[in-house]
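Here is the structure we will look at, set down as structure tokens.
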Amino acid sequence: MKIEKSERSGVSPVAIPIFPFSIFNFQFPTAKLEPSHTIPPVPSALDQRIFAIHRPSPELMKYYVLSSFLFGPLFVIVLPYLYFRYHTMRYEFDEEGISMKWGILFRREITLTYARIQDIHLTRNLLERLLGLARIQIQTASASAAAEMTIEGLHEYEDVRDFLYSKMRGVRGGATPAPRSVQGTVAHTHDSDLASALREVASALREVRESLEKR
């Protein structure tokens, strides 16, 4: 603060404040803007229907019972295995991928992201056609020629197929082929179905035997 004297006599000096800065150079504080949060996309009607699928149709148990009789005397071994497979089978669909789990003593789980899917096959034999079912076989880029995951026991197999193809297009930018329609012919014979079921039963029995031997 600077004090100036008046040239006139009898007048006391007046203190005149001199500000060290100009009001024109004053910068008002600005509010810090928080980054805006991205709003997640709203699932379509098809996505919502698929996300709601968690269990196979009860028709799958009928299919298992009828198929087990084709094993002849071995049906007493195959049917209990298929029974527990049906009652423990669970599906989970989300924005990232698919997971499938089943089993009691030996819990098995398969998880696939949509980016890993290479091809989708929709197959159904005569018995599945009569029950309104189909199997969706999903193949990946693995060395094995067999399907990495087989989704079975669903009446909504066409919706699931279209859903998977749409997710593949989203991941690869529309480079996937068009969905394949269900043909009226038998895609897989009962021989291949029985062989697959026998391999699964044999694998389950082998695991039970190994666990008993360790005890």
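Following the order of the structure tokens, first chain is A, next is B, and so on, with residues numbered from 1 inside each chain and ligands from 1 in the order they appear.
Contact shell of stretch 113-118 of chain A at 8 Å (only C-alpha atoms; same-chain neighbours under 4 positions omitted): Glu96, Gly97, Ile98, Ile138, Gln139, Thr140, Ala141, Leu164, Lys167, Met168, Val171 and Arg172 of chain A.
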Selection to disk with all heavy atoms, as a PDB file, in the first residue's frame:
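again29.pdb, written as the output of this step:
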```pdb
ATOM      1  N   GLU A  96     -20.464 -61.546 -23.680  1.00  0.00           N
ATOM      2  CA  GLU A  96     -19.095 -61.962 -23.958  1.00  0.00           C
ATOM      3  C   GLU A  96     -19.011 -63.336 -24.616  1.00  0.00           C
ATOM      4  O   GLU A  96     -18.156 -63.570 -25.453  1.00  0.00           O
ATOM      5  CB  GLU A  96     -18.272 -61.948 -22.669  1.00  0.00           C
ATOM      6  CG  GLU A  96     -18.200 -60.595 -21.991  1.00  0.00           C
ATOM      7  CD  GLU A  96     -17.506 -59.556 -22.845  1.00  0.00           C
ATOM      8  OE1 GLU A  96     -16.602 -59.940 -23.622  1.00  0.00           O
ATOM      9  OE2 GLU A  96     -17.856 -58.364 -22.739  1.00  0.00           O
ATOM     10  N   GLY A  97     -19.883 -64.261 -24.203  1.00  0.00           N
ATOM     11  CA  GLY A  97     -19.795 -65.605 -24.749  1.00  0.00           C
ATOM     12  C   GLY A  97     -20.830 -66.537 -24.148  1.00  0.00           C
ATOM     13  O   GLY A  97     -21.847 -66.103 -23.598  1.00  0.00           O
ATOM     14  N   ILE A  98     -20.546 -67.841 -24.239  1.00  0.00           N
ATOM     15  CA  ILE A  98     -21.461 -68.888 -23.791  1.00  0.00           C
ATOM     16  C   ILE A  98     -20.719 -69.789 -22.821  1.00  0.00           C
ATOM     17  O   ILE A  98     -19.525 -70.045 -22.968  1.00  0.00           O
ATOM     18  CB  ILE A  98     -21.945 -69.755 -24.967  1.00  0.00           C
ATOM     19  CG1 ILE A  98     -22.096 -68.932 -26.248  1.00  0.00           C
ATOM     20  CG2 ILE A  98     -23.228 -70.472 -24.636  1.00  0.00           C
ATOM     21  CD1 ILE A  98     -22.106 -69.775 -27.488  1.00  0.00           C
ATOM     22  N   ILE A 138     -20.891 -76.101 -32.175  1.00  0.00           N
ATOM     23  CA  ILE A 138     -20.033 -74.920 -32.306  1.00  0.00           C
ATOM     24  C   ILE A 138     -18.594 -75.383 -32.444  1.00  0.00           C
ATOM     25  O   ILE A 138     -18.077 -76.098 -31.586  1.00  0.00           O
ATOM     26  CB  ILE A 138     -20.192 -73.991 -31.097  1.00  0.00           C
ATOM     27  CG1 ILE A 138     -21.659 -73.589 -30.939  1.00  0.00           C
ATOM     28  CG2 ILE A 138     -19.303 -72.773 -31.228  1.00  0.00           C
ATOM     29  CD1 ILE A 138     -21.937 -72.771 -29.695  1.00  0.00           C
ATOM     30  N   GLN A 139     -17.952 -74.963 -33.517  1.00  0.00           N
ATOM     31  CA  GLN A 139     -16.563 -75.323 -33.764  1.00  0.00           C
ATOM     32  C   GLN A 139     -15.674 -74.094 -33.594  1.00  0.00           C
ATOM     33  O   GLN A 139     -16.062 -72.972 -33.929  1.00  0.00           O
ATOM     34  CB  GLN A 139     -16.398 -75.897 -35.172  1.00  0.00           C
ATOM     35  CG  GLN A 139     -17.051 -77.261 -35.358  1.00  0.00           C
ATOM     36  CD  GLN A 139     -16.819 -77.828 -36.744  1.00  0.00           C
ATOM     37  OE1 GLN A 139     -16.668 -77.081 -37.706  1.00  0.00           O
ATOM     38  NE2 GLN A 139     -16.775 -79.145 -36.854  1.00  0.00           N
ATOM     39  N   THR A 140     -14.477 -74.339 -33.086  1.00  0.00           N
ATOM     40  CA  THR A 140     -13.489 -73.287 -32.901  1.00  0.00           C
ATOM     41  C   THR A 140     -12.268 -73.590 -33.761  1.00  0.00           C
ATOM     42  O   THR A 140     -12.269 -74.533 -34.554  1.00  0.00           O
ATOM     43  CB  THR A 140     -13.088 -73.170 -31.426  1.00  0.00           C
ATOM     44  OG1 THR A 140     -12.484 -74.407 -30.999  1.00  0.00           O
ATOM     45  CG2 THR A 140     -14.310 -72.900 -30.551  1.00  0.00           C
ATOM     46  N   ALA A 141     -11.224 -72.807 -33.578  1.00  0.00           N
ATOM     47  CA  ALA A 141     -10.009 -72.988 -34.370  1.00  0.00           C
ATOM     48  C   ALA A 141      -9.073 -74.019 -33.766  1.00  0.00           C
ATOM     49  O   ALA A 141      -7.887 -74.024 -34.085  1.00  0.00           O
ATOM     50  CB  ALA A 141      -9.282 -71.655 -34.498  1.00  0.00           C
ATOM     51  N   LEU A 164     -26.058 -66.399 -32.332  1.00  0.00           N
ATOM     52  CA  LEU A 164     -24.624 -66.668 -32.407  1.00  0.00           C
ATOM     53  C   LEU A 164     -24.016 -66.050 -33.656  1.00  0.00           C
ATOM     54  O   LEU A 164     -22.914 -65.487 -33.613  1.00  0.00           O
ATOM     55  CB  LEU A 164     -24.375 -68.176 -32.374  1.00  0.00           C
ATOM     56  CG  LEU A 164     -24.745 -68.894 -31.075  1.00  0.00           C
ATOM     57  CD1 LEU A 164     -24.532 -70.393 -31.213  1.00  0.00           C
ATOM     58  CD2 LEU A 164     -23.941 -68.347 -29.908  1.00  0.00           C
ATOM     59  N   LYS A 167     -23.597 -62.331 -33.142  1.00  0.00           N
ATOM     60  CA  LYS A 167     -22.454 -62.015 -32.294  1.00  0.00           C
ATOM     61  C   LYS A 167     -21.146 -62.208 -33.048  1.00  0.00           C
ATOM     62  O   LYS A 167     -20.186 -61.444 -32.861  1.00  0.00           O
ATOM     63  CB  LYS A 167     -22.467 -62.880 -31.042  1.00  0.00           C
ATOM     64  CG  LYS A 167     -23.630 -62.592 -30.091  1.00  0.00           C
ATOM     65  CD  LYS A 167     -23.617 -61.153 -29.634  1.00  0.00           C
ATOM     66  CE  LYS A 167     -24.752 -60.866 -28.668  1.00  0.00           C
ATOM     67  NZ  LYS A 167     -24.762 -59.435 -28.257  1.00  0.00           N
ATOM     68  N   MET A 168     -21.083 -63.208 -33.913  1.00  0.00           N
ATOM     69  CA  MET A 168     -19.883 -63.402 -34.724  1.00  0.00           C
ATOM     70  C   MET A 168     -19.673 -62.240 -35.670  1.00  0.00           C
ATOM     71  O   MET A 168     -18.545 -61.773 -35.868  1.00  0.00           O
ATOM     72  CB  MET A 168     -19.995 -64.716 -35.495  1.00  0.00           C
ATOM     73  CG  MET A 168     -19.890 -65.970 -34.645  1.00  0.00           C
ATOM     74  SD  MET A 168     -20.250 -67.468 -35.597  1.00  0.00           S
ATOM     75  CE  MET A 168     -18.957 -67.416 -36.821  1.00  0.00           C
ATOM     76  N   VAL A 171     -18.248 -59.290 -33.729  1.00  0.00           N
ATOM     77  CA  VAL A 171     -16.839 -59.424 -33.363  1.00  0.00           C
ATOM     78  C   VAL A 171     -15.939 -59.249 -34.579  1.00  0.00           C
ATOM     79  O   VAL A 171     -14.893 -58.602 -34.514  1.00  0.00           O
ATOM     80  CB  VAL A 171     -16.587 -60.793 -32.701  1.00  0.00           C
ATOM     81  CG1 VAL A 171     -15.099 -61.035 -32.501  1.00  0.00           C
ATOM     82  CG2 VAL A 171     -17.315 -60.861 -31.365  1.00  0.00           C
ATOM     83  N   ARG A 172     -16.364 -59.780 -35.729  1.00  0.00           N
ATOM     84  CA  ARG A 172     -15.511 -59.776 -36.918  1.00  0.00           C
ATOM     85  C   ARG A 172     -15.908 -58.729 -37.943  1.00  0.00           C
ATOM     86  O   ARG A 172     -15.403 -58.721 -39.048  1.00  0.00           O
ATOM     87  CB  ARG A 172     -15.550 -61.162 -37.571  1.00  0.00           C
ATOM     88  CG  ARG A 172     -15.137 -62.264 -36.619  1.00  0.00           C
ATOM     89  CD  ARG A 172     -15.214 -63.617 -37.277  1.00  0.00           C
ATOM     90  NE  ARG A 172     -14.965 -64.677 -36.323  1.00  0.00           N
ATOM     91  CZ  ARG A 172     -14.996 -65.962 -36.625  1.00  0.00           C
ATOM     92  NH1 ARG A 172     -15.267 -66.339 -37.859  1.00  0.00           N
ATOM     93  NH2 ARG A 172     -14.765 -66.875 -35.693  1.00  0.00           N
TER      94      ARG A 172
END
```
Exercise. Do you know which residues are at most 7 Å from stretch 77-82 of chain A counting only C-alpha atoms, after dropping those on the same chain fewer than 3 positions away, and could you put them as a PyMOL selection string?
Worked result: chain A and resi 64-65+68+74+85-86+201
Residue subset to file, keeping N, CA, C and O atoms, as an mmCIF file, in the first residue's frame:
```cif
data_model
loop_
_atom_site.group_PDB
_atom_site.id
_atom_site.type_symbol
_atom_site.label_atom_id
_atom_site.label_comp_id
_atom_site.auth_asym_id
_atom_site.auth_seq_id
_atom_site.Cartn_x
_atom_site.Cartn_y
_atom_site.Cartn_z
ATOM 1 N N TYR A 64 -33.477 -88.622 -24.354
ATOM 2 C CA TYR A 64 -32.480 -89.458 -23.703
ATOM 3 C C TYR A 64 -33.045 -90.839 -23.368
ATOM 4 O O TYR A 64 -32.373 -91.866 -23.552
ATOM 5 N N VAL A 65 -34.280 -90.899 -22.883
ATOM 6 C CA VAL A 65 -34.882 -92.181 -22.513
ATOM 7 C C VAL A 65 -35.044 -93.059 -23.741
ATOM 8 O O VAL A 65 -34.686 -94.254 -23.736
ATOM 9 N N SER A 68 -31.672 -94.268 -25.055
ATOM 10 C CA SER A 68 -30.960 -95.238 -24.223
ATOM 11 C C SER A 68 -31.370 -96.670 -24.533
ATOM 12 O O SER A 68 -30.573 -97.597 -24.355
ATOM 13 N N LEU A 74 -27.177 -102.387 -22.231
ATOM 14 C CA LEU A 74 -26.369 -101.334 -21.607
ATOM 15 C C LEU A 74 -27.187 -100.123 -21.199
ATOM 16 O O LEU A 74 -26.637 -99.182 -20.621
ATOM 17 N N ARG A 85 -27.153 -86.069 -16.432
ATOM 18 C CA ARG A 85 -26.677 -85.051 -17.385
ATOM 19 C C ARG A 85 -27.771 -84.028 -17.667
ATOM 20 O O ARG A 85 -27.522 -82.823 -17.684
ATOM 21 N N TYR A 86 -28.981 -84.527 -17.874
ATOM 22 C CA TYR A 86 -30.094 -83.608 -18.156
ATOM 23 C C TYR A 86 -30.384 -82.697 -16.967
ATOM 24 O O TYR A 86 -30.558 -81.484 -17.114
ATOM 25 N N VAL A 201 -19.991 -92.033 -21.557
ATOM 26 C CA VAL A 201 -20.214 -92.962 -20.443
ATOM 27 C C VAL A 201 -18.914 -93.642 -20.046
ATOM 28 O O VAL A 201 -18.592 -93.780 -18.856
#
```
Problem set entry | Picked from stretch 138-170 of chain A by DSSP as strand (DSSP E), as number ranges by chain | A: 138-140, 149-154
Problem set entry | Point-to-point distance from atom CA of A:Arg124 to atom CA of A:Leu66, Å rounded to tenths | 15.1 Å
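For the residues A:Ile151, A:Ala145, A:Leu133, A:Val160, ranking by smallest atom-to-atom distance to A:Tyr63 using only C-alpha atoms places A:Leu133 first.
Atom to atom, atom CA of A:Leu60 and atom CA of A:Thr111 stand 21.6 Å apart.
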